[in-house]
Structures are given as C-alpha cells and as structure tokens.
>>> print(open('run.tsv').read())   # TSV, C-alpha atoms and all ligand atoms
chain	number	residue	atom	x	y	z
G	91	MET	CA	140.93	-31.42	-44.27
G	92	LYS	CA	138.43	-28.88	-43.04
G	93	VAL	CA	134.65	-29.38	-43.40
G	94	LEU	CA	131.75	-27.04	-42.80
G	95	TYR	CA	128.69	-28.62	-41.17
G	96	PRO	CA	125.87	-26.07	-41.64
G	97	GLY	CA	122.38	-26.34	-40.17
G	98	SER	CA	119.76	-24.90	-37.88
G	99	PHE	CA	120.64	-27.11	-34.88
G	100	ASP	CA	117.48	-25.89	-33.12
G	101	PRO	CA	118.51	-27.77	-31.02
G	102	LEU	CA	121.45	-30.12	-31.63
G	103	THR	CA	120.50	-33.81	-31.26
G	104	PHE	CA	122.55	-36.98	-30.72
G	105	GLY	CA	122.09	-37.54	-34.49
G	106	HIS	CA	123.96	-34.32	-35.26
G	107	LEU	CA	126.56	-35.10	-32.61
G	108	ASP	CA	127.23	-38.56	-34.03
G	109	LEU	CA	127.79	-37.02	-37.47
G	110	ILE	CA	130.17	-34.43	-36.02
G	111	GLN	CA	132.21	-37.12	-34.24
G	112	ARG	CA	132.48	-39.27	-37.35
G	113	ALA	CA	133.31	-36.30	-39.58
G	114	SER	CA	136.04	-35.23	-37.19
G	115	ASP	CA	137.55	-38.76	-37.29
G	116	LEU	CA	137.34	-38.80	-41.08
G	117	PHE	CA	138.35	-35.30	-42.07
G	118	GLY	CA	140.11	-33.66	-39.14
G	119	GLN	CA	138.64	-30.23	-38.57
G	120	VAL	CA	134.88	-29.61	-38.40
G	121	ILE	CA	133.33	-26.15	-38.35
G	122	ILE	CA	129.76	-26.33	-37.09
G	123	ALA	CA	127.91	-23.40	-38.65
G	124	VAL	CA	124.58	-22.32	-37.18
G	125	LEU	CA	122.46	-20.50	-39.74
G	126	GLU	CA	120.81	-17.31	-38.52
G	127	ASN	CA	117.66	-17.58	-40.58
G	128	PRO	CA	115.23	-14.68	-40.10
G	129	THR	CA	112.54	-16.45	-42.17
G	130	LYS	CA	112.41	-19.52	-39.90
G	131	ASP	CA	110.76	-19.36	-36.47
G	132	SER	CA	113.23	-20.71	-33.97
G	133	THR	CA	112.88	-22.20	-30.51
G	134	PHE	CA	116.35	-21.26	-29.24
G	135	LEU	CA	118.14	-18.00	-30.02
G	136	VAL	CA	121.36	-18.43	-31.97
G	137	PRO	CA	123.67	-17.48	-29.03
G	138	ARG	CA	122.02	-20.21	-26.91
G	139	ARG	CA	122.38	-22.77	-29.72
G	140	LEU	CA	126.07	-21.86	-29.94
G	141	GLU	CA	126.48	-22.42	-26.18
G	142	GLN	CA	124.61	-25.73	-26.36
G	143	ILE	CA	126.79	-27.00	-29.21
G	144	LYS	CA	130.02	-25.77	-27.61
G	145	GLN	CA	129.18	-27.60	-24.41
G	146	ALA	CA	128.11	-30.78	-26.22
G	147	THR	CA	131.37	-30.86	-28.21
G	148	ASN	CA	133.82	-29.66	-25.56
G	149	SER	CA	135.43	-33.09	-25.21
G	150	LEU	CA	136.13	-33.25	-28.96
G	151	SER	CA	139.17	-31.67	-30.55
G	152	HIS	CA	139.40	-29.77	-33.85
G	153	ILE	CA	135.82	-28.48	-33.60
G	154	GLU	CA	134.86	-24.86	-34.11
G	155	VAL	CA	131.34	-23.49	-33.58
G	156	ILE	CA	130.26	-20.37	-35.45
G	157	SER	CA	127.10	-18.69	-36.72
G	158	TYR	CA	126.49	-17.20	-40.13
G	159	LYS	CA	123.94	-15.28	-42.14
G	160	GLY	CA	123.24	-15.60	-45.83
G	161	LEU	CA	124.63	-18.10	-48.28
G	162	THR	CA	126.31	-21.28	-47.07
G	163	VAL	CA	128.77	-21.18	-49.99
G	164	GLU	CA	129.94	-17.74	-48.89
G	165	CYS	CA	130.47	-19.06	-45.38
G	166	ALA	CA	132.39	-22.02	-46.85
G	167	ILE	CA	134.66	-19.64	-48.77
G	168	LYS	CA	135.16	-17.36	-45.76
G	169	TYR	CA	136.32	-20.28	-43.59
G	170	ASN	CA	138.30	-21.79	-46.44
G	171	VAL	CA	136.82	-25.28	-46.05
G	172	ASP	CA	137.37	-28.22	-48.40
G	173	LEU	CA	133.85	-29.64	-48.15
G	174	ILE	CA	130.32	-28.97	-46.97
G	175	LEU	CA	128.95	-31.83	-44.86
G	176	ARG	CA	125.29	-32.79	-44.61
G	177	GLY	CA	123.54	-35.78	-43.05
G	178	LEU	CA	121.11	-38.22	-44.58
G	179	ARG	CA	118.48	-40.07	-42.60
G	180	ALA	CA	116.03	-41.26	-45.24
G	181	MET	CA	114.98	-40.85	-48.85
G	182	SER	CA	112.96	-37.81	-47.79
G	183	ASP	CA	116.21	-36.07	-46.75
G	184	PHE	CA	117.90	-37.08	-49.98
G	185	GLU	CA	115.62	-35.10	-52.33
G	186	TYR	CA	115.95	-31.92	-50.30
G	187	GLU	CA	119.69	-32.34	-49.74
G	188	LEU	CA	120.37	-33.03	-53.41
G	189	GLN	CA	118.55	-29.85	-54.36
G	190	ILE	CA	120.61	-27.79	-51.90
G	191	ALA	CA	123.86	-29.42	-53.06
G	192	HIS	CA	123.04	-28.64	-56.71
G	193	THR	CA	122.07	-25.08	-55.82
G	194	ASN	CA	125.33	-24.57	-53.96
G	195	ARG	CA	127.37	-25.96	-56.84
G	196	SER	CA	125.54	-23.69	-59.26
G	197	LEU	CA	126.64	-20.77	-57.08
G	198	ASP	CA	130.22	-21.96	-56.69
G	199	SER	CA	131.41	-25.04	-58.55
G	200	SER	CA	134.59	-25.27	-56.49
G	201	ILE	CA	132.70	-26.38	-53.39
G	202	GLU	CA	131.72	-30.03	-52.98
G	203	THR	CA	129.08	-31.37	-50.62
G	204	ILE	CA	129.62	-34.69	-48.92
G	205	PHE	CA	126.92	-36.75	-47.19
G	206	LEU	CA	127.20	-39.10	-44.25
G	207	ALA	CA	124.42	-41.55	-43.52
G	208	THR	CA	123.04	-41.39	-40.03
G	209	GLU	CA	123.54	-44.25	-37.61
G	210	ALA	CA	120.41	-46.41	-37.91
G	211	HIS	CA	119.51	-45.88	-34.25
G	212	HIS	CA	119.55	-42.09	-34.77
G	213	SER	CA	117.59	-42.12	-38.01
G	214	PHE	CA	114.31	-41.12	-36.34
G	215	LEU	CA	115.87	-38.11	-34.64
G	216	SER	CA	115.25	-34.56	-35.76
G	217	SER	CA	115.15	-31.27	-33.87
G	218	SER	CA	111.42	-30.99	-34.48
G	219	VAL	CA	110.66	-34.52	-33.22
G	220	VAL	CA	112.63	-33.80	-30.05
G	221	LYS	CA	110.72	-30.57	-29.48
G	222	GLU	CA	107.39	-32.24	-30.07
G	223	VAL	CA	108.17	-34.99	-27.55
G	224	ALA	CA	109.32	-32.44	-24.94
G	225	MET	CA	106.27	-30.27	-25.58
G	226	PHE	CA	103.97	-33.18	-24.72
G	227	GLY	CA	105.88	-34.04	-21.57
G	228	GLY	CA	107.96	-36.91	-22.95
G	229	ASN	CA	111.49	-37.82	-21.95
G	230	VAL	CA	114.19	-36.59	-24.35
G	231	ASP	CA	117.26	-37.60	-22.33
G	232	HIS	CA	118.18	-40.25	-24.93
G	233	MET	CA	117.77	-37.82	-27.83
G	234	VAL	CA	119.83	-34.76	-26.88
G	235	PRO	CA	122.78	-33.87	-24.61
G	236	LYS	CA	121.95	-33.08	-20.95
G	237	MET	CA	122.09	-29.28	-21.13
G	238	ILE	CA	119.76	-29.26	-24.12
G	239	ALA	CA	117.29	-31.63	-22.43
G	240	LYS	CA	117.27	-29.23	-19.45
G	241	ASP	CA	116.67	-26.26	-21.75
G	242	LEU	CA	113.77	-28.10	-23.41
G	243	TYR	CA	112.21	-29.08	-20.07
G	244	ASN	CA	112.55	-25.42	-19.00
G	245	ILE	CA	110.91	-24.07	-22.10
G	246	TYR	CA	108.04	-26.50	-21.87
G	247	LYS	CA	107.94	-26.21	-18.04
G	248	ILE	CA	108.55	-29.85	-17.19
G	249	ASN	CA	110.82	-31.01	-14.39
G	301	LIG	P1	118.55	-27.67	-41.61
G	301	LIG	O1	117.45	-26.75	-41.18
G	301	LIG	O2	119.63	-26.99	-42.39
G	301	LIG	O3	118.08	-28.94	-42.27
G	301	LIG	P2	119.13	-29.28	-39.27
G	301	LIG	O4	119.74	-28.81	-37.99
G	301	LIG	O5	117.76	-29.81	-39.23
G	301	LIG	O6	119.28	-28.05	-40.26
G	301	LIG	O7	120.06	-30.40	-39.93
G	301	LIG	C1	121.40	-30.15	-40.27
G	301	LIG	C2	121.96	-31.36	-40.99
G	301	LIG	O8	122.03	-32.46	-40.10
G	301	LIG	C3	121.12	-31.83	-42.18
G	301	LIG	O9	121.99	-32.27	-43.20
G	301	LIG	C4	120.34	-32.98	-41.63
G	301	LIG	O10	120.01	-33.92	-42.64
G	301	LIG	C5	121.35	-33.58	-40.67
G	301	LIG	N1	120.70	-34.33	-39.59
G	301	LIG	C6	119.65	-33.97	-38.85
G	301	LIG	N2	119.30	-34.94	-37.96
G	301	LIG	C7	120.17	-35.96	-38.19
G	301	LIG	C8	120.32	-37.29	-37.64
G	301	LIG	N3	119.48	-37.75	-36.71
G	301	LIG	N4	121.33	-38.04	-38.10
G	301	LIG	C9	122.15	-37.58	-39.08
G	301	LIG	N5	122.05	-36.38	-39.66
G	301	LIG	C10	121.07	-35.57	-39.22
>>> encode(input="run.tsv", output="structure tokens")
Amino acid sequence: MKVLYPGSFDPLTFGHLDLIQRASDLFGQVIIAVLENPTKDSTFLVPRRLEQIKQATNSLSHIEVISYKGLTVECAIKYNVDLILRGLRAMSDFEYELQIAHTNRSLDSSIETIFLATEAHHSFLSSSVVKEVAMFGGNVDHMVPKMIAKDLYNIYKIN
C-alpha cells in the first residue's frame, strides 16, 4: 500500500519521524508531502524542509519526499495513494484532524484518512514547541534530527 503523509514539517520532529517509521512498517510506501502554503508564515523554506526530511529518512526504504501546492486530495490522486495519513497527539488534534478528514472526503469520497496515535513520549512535540525552545536558547537535540537542530541553532544564533 501507498500512503500520503501531508503536513508543514516546519521543521520535522522526532514525532513526525516516528510516525513515518511506523507507517512504513505498516503500509509499505510512504510519500511525505510538504505543503507549500503561502498563507502560513514559515521558518524554513520548502526546499530546505525537503532536504531536512530527505536526510532524516535516508536510512529508511520506500520513502519519497515531495512538495505540493493546493488541495491535499489532488496530491493524493496525483500520486495514486491508497490512504492519507495524519498523526494524533491529543484531543485538541482530534477536532482539527476530524474536520480536515471530513472536508477531504467531501471533496473526494474515494480517499480515506487514517490516523496513528503518537508515541506517548513524543506527544508533547510539535514544530512550534521546538522552535520556541530553540528561540529561547534551549536544547532541542532530543526533539529533532541533528541537521535540523543545527539549522535551528543557526537561525536563532546559538552554538
Ligand atoms: P500541519 O500544519 O498540516 O498540521 P504538521 O507538520 O504540524 O502539519 O503536522 C503534520 C501531521 O503530523 C499532523 O497530522 C500532526 O498531527 C502530526 N504530528 C505532529 N507532531 C506529531 C507528533 N509529535 N507525534 C505524532 N504526530 C505528530
């Protein structure tokens, strides 16, 4: 099976990576799709996010990393995937994710969304939490892969 894992990944965290690993074990092929969203202010440009994700997943097989604009369902059709994958950390994710899943099904009822629950020890992790910690000089080595930690320290000028 082939699944599409769409998101901002600004940047990828160990929470995302754990989901990717488990999805690849469960389904086979995972296409990580970085959304180019002009309405959302981003920290990393999309080409850099693609490089970060490619490096973080280079030891995994059956992973493809792409970017897309516009509707996720159109991307899912273009790449001919069986499922859209999203992650759940808490009830607060659930409400938002359910709304997106319903919206996507209203656009194309042939596409199912599947959810994987985060590992408990990654449930506090989000891209914005990681950025906030780095911004205030905190250590993020346990939250993101090495290259991304370096990029964050560079952006926020911490060694
Ligand atoms: P978006 O802006 O589309 O929410 P994100 O990059 O923030 O993009 O998240 C992409 C997906 O990964 C979402 O389904 C989100 O719930 C999930 N996710 C984010 N952080 C984690 C985590 N720590 N563990 C599991 N899933 C996560």
>>> atom_distance(input="run.tsv", atom1="CA of Asp108 in chain G", atom2="CA of Pro128 in chain G")
27.4 Å
>>> atom_distance(input="run.tsv", atom1="atom C7 of ligand LIG 301 (chain G)", atom2="CA of Pro96 in chain G")
11.9 Å
>>> residues_near_ligand(input="run.tsv", ligand="ligand LIG 301 (chain G)", cutoff="7 Å", atoms="all atoms listed in the file", output="NGL selection string")
:G and (96-100 or 102-106 or 109 or 176-179 or 183 or 187 or 207-209 or 212-217)
>>> closest_residue(input="run.tsv", among="G:Lys92, G:Leu175, G:Ser218, G:Val120", to="Leu206 in chain G", atoms="only C-alpha atoms")
G:Leu175
>>> closest_residue(input="run.tsv", among="G:Val234, G:Arg195, G:Glu185, G:Asp115", to="Val219 in chain G", atoms="all atoms listed in the file")
G:Val234
>>> residues_around(input="run.tsv", residues="Tyr243 in chain G", least_positions_apart="5", cutoff="10 Å", atoms="only C-alpha atoms", output="list of chain:residue names")
G:Lys221, G:Ala224, G:Met225, G:Gly227, G:Gly228, G:Asn229, G:Val230, G:Met237, G:Ile238, G:Ile248, G:Asn249
>>> atom_distance(input="run.tsv", atom1="CA of Gln145 in chain G", atom2="CA of Lys236 in chain G")
9.7 Å
>>> closest_residue(input="run.tsv", among="G:Leu125, G:Leu135, G:Leu94, G:Ala180", to="Glu154 in chain G", atoms="all atoms listed in the file")
G:Leu94
>>> closest_residue(input="run.tsv", among="G:Val93, G:Tyr186, G:Ile204, G:Pro101", to="Cys165 in chain G", atoms="all atoms listed in the file")
G:Val93
>>> residues_near_point(input="run.tsv", point="(128.9, -25.0, -28.8)", cutoff="10 Å", atoms="all atoms listed in the file", output="tab-separated table (two decimals) with C-alpha atoms, in the frame of the given file")
chain	number	residue	atom	x	y	z
G	102	LEU	CA	121.45	-30.12	-31.63
G	122	ILE	CA	129.76	-26.33	-37.09
G	124	VAL	CA	124.58	-22.32	-37.18
G	137	PRO	CA	123.67	-17.48	-29.03
G	138	ARG	CA	122.02	-20.21	-26.91
G	139	ARG	CA	122.38	-22.77	-29.72
G	140	LEU	CA	126.07	-21.86	-29.94
G	141	GLU	CA	126.48	-22.42	-26.18
G	142	GLN	CA	124.61	-25.73	-26.36
G	143	ILE	CA	126.79	-27.00	-29.21
G	144	LYS	CA	130.02	-25.77	-27.61
G	145	GLN	CA	129.18	-27.60	-24.41
G	146	ALA	CA	128.11	-30.78	-26.22
G	147	THR	CA	131.37	-30.86	-28.21
G	148	ASN	CA	133.82	-29.66	-25.56
G	153	ILE	CA	135.82	-28.48	-33.60
G	154	GLU	CA	134.86	-24.86	-34.11
G	155	VAL	CA	131.34	-23.49	-33.58
G	156	ILE	CA	130.26	-20.37	-35.45
>>> closest_residue(input="run.tsv", among="G:Gln189, G:Ser151, G:Ser199, G:Asn194", to="Gln111 in chain G", atoms="only C-alpha atoms")
G:Ser151
>>> residues_around(input="run.tsv", residues="Val163 in chain G", least_positions_apart="2", cutoff="10 Å", atoms="all atoms listed in the file", output="PyMOL selection string")
chain G and resi 94+160-161+165-169+171+174+193-195+197-202
>>> closest_residue(input="run.tsv", among="G:Met233, G:Val220, G:Phe226, G:Ser196", to="Thr133 in chain G", atoms="only C-alpha atoms")
G:Val220
>>> build_atoms(input="run.tsv", residues="range 230-243 of chain G", atoms="N, CA, C and O atoms", output="compact mmCIF listing (two decimals), keeping the file's coordinate frame")
# COMPACT_ATOMS: atom_id res chain seq x y z
N VAL G 230 113.31 -36.75 -23.19
CA VAL G 230 114.19 -36.59 -24.35
C VAL G 230 115.66 -36.83 -23.99
O VAL G 230 116.55 -36.50 -24.77
N ASP G 231 115.88 -37.42 -22.80
CA ASP G 231 117.26 -37.60 -22.33
C ASP G 231 118.10 -38.48 -23.28
O ASP G 231 119.32 -38.35 -23.30
N HIS G 232 117.45 -39.38 -24.01
CA HIS G 232 118.18 -40.25 -24.93
C HIS G 232 118.29 -39.65 -26.33
O HIS G 232 118.82 -40.27 -27.24
N MET G 233 117.79 -38.44 -26.49
CA MET G 233 117.77 -37.82 -27.83
C MET G 233 118.74 -36.64 -27.96
O MET G 233 119.21 -36.35 -29.06
N VAL G 234 118.98 -35.97 -26.85
CA VAL G 234 119.83 -34.76 -26.88
C VAL G 234 120.76 -34.74 -25.67
O VAL G 234 120.48 -35.36 -24.64
N PRO G 235 121.89 -34.00 -25.77
CA PRO G 235 122.78 -33.87 -24.61
C PRO G 235 122.04 -33.22 -23.42
O PRO G 235 121.04 -32.52 -23.60
N LYS G 236 122.61 -33.47 -22.20
CA LYS G 236 121.95 -33.08 -20.95
C LYS G 236 121.49 -31.62 -20.90
O LYS G 236 120.36 -31.31 -20.55
N MET G 237 122.40 -30.71 -21.24
CA MET G 237 122.09 -29.28 -21.13
C MET G 237 120.90 -28.92 -22.02
O MET G 237 120.05 -28.10 -21.66
N ILE G 238 120.83 -29.56 -23.17
CA ILE G 238 119.76 -29.26 -24.12
C ILE G 238 118.43 -29.85 -23.61
O ILE G 238 117.38 -29.21 -23.71
N ALA G 239 118.51 -31.05 -23.02
CA ALA G 239 117.29 -31.63 -22.43
C ALA G 239 116.76 -30.69 -21.35
O ALA G 239 115.56 -30.39 -21.30
N LYS G 240 117.67 -30.17 -20.52
CA LYS G 240 117.27 -29.23 -19.45
C LYS G 240 116.61 -28.00 -20.05
O LYS G 240 115.58 -27.53 -19.56
N ASP G 241 117.22 -27.46 -21.09
CA ASP G 241 116.67 -26.26 -21.75
C ASP G 241 115.27 -26.55 -22.28
O ASP G 241 114.38 -25.71 -22.18
N LEU G 242 115.09 -27.75 -22.85
CA LEU G 242 113.77 -28.10 -23.41
C LEU G 242 112.74 -28.24 -22.29
O LEU G 242 111.62 -27.74 -22.39
N TYR G 243 113.15 -28.92 -21.20
CA TYR G 243 112.21 -29.08 -20.07
C TYR G 243 111.85 -27.71 -19.51
O TYR G 243 110.72 -27.47 -19.10
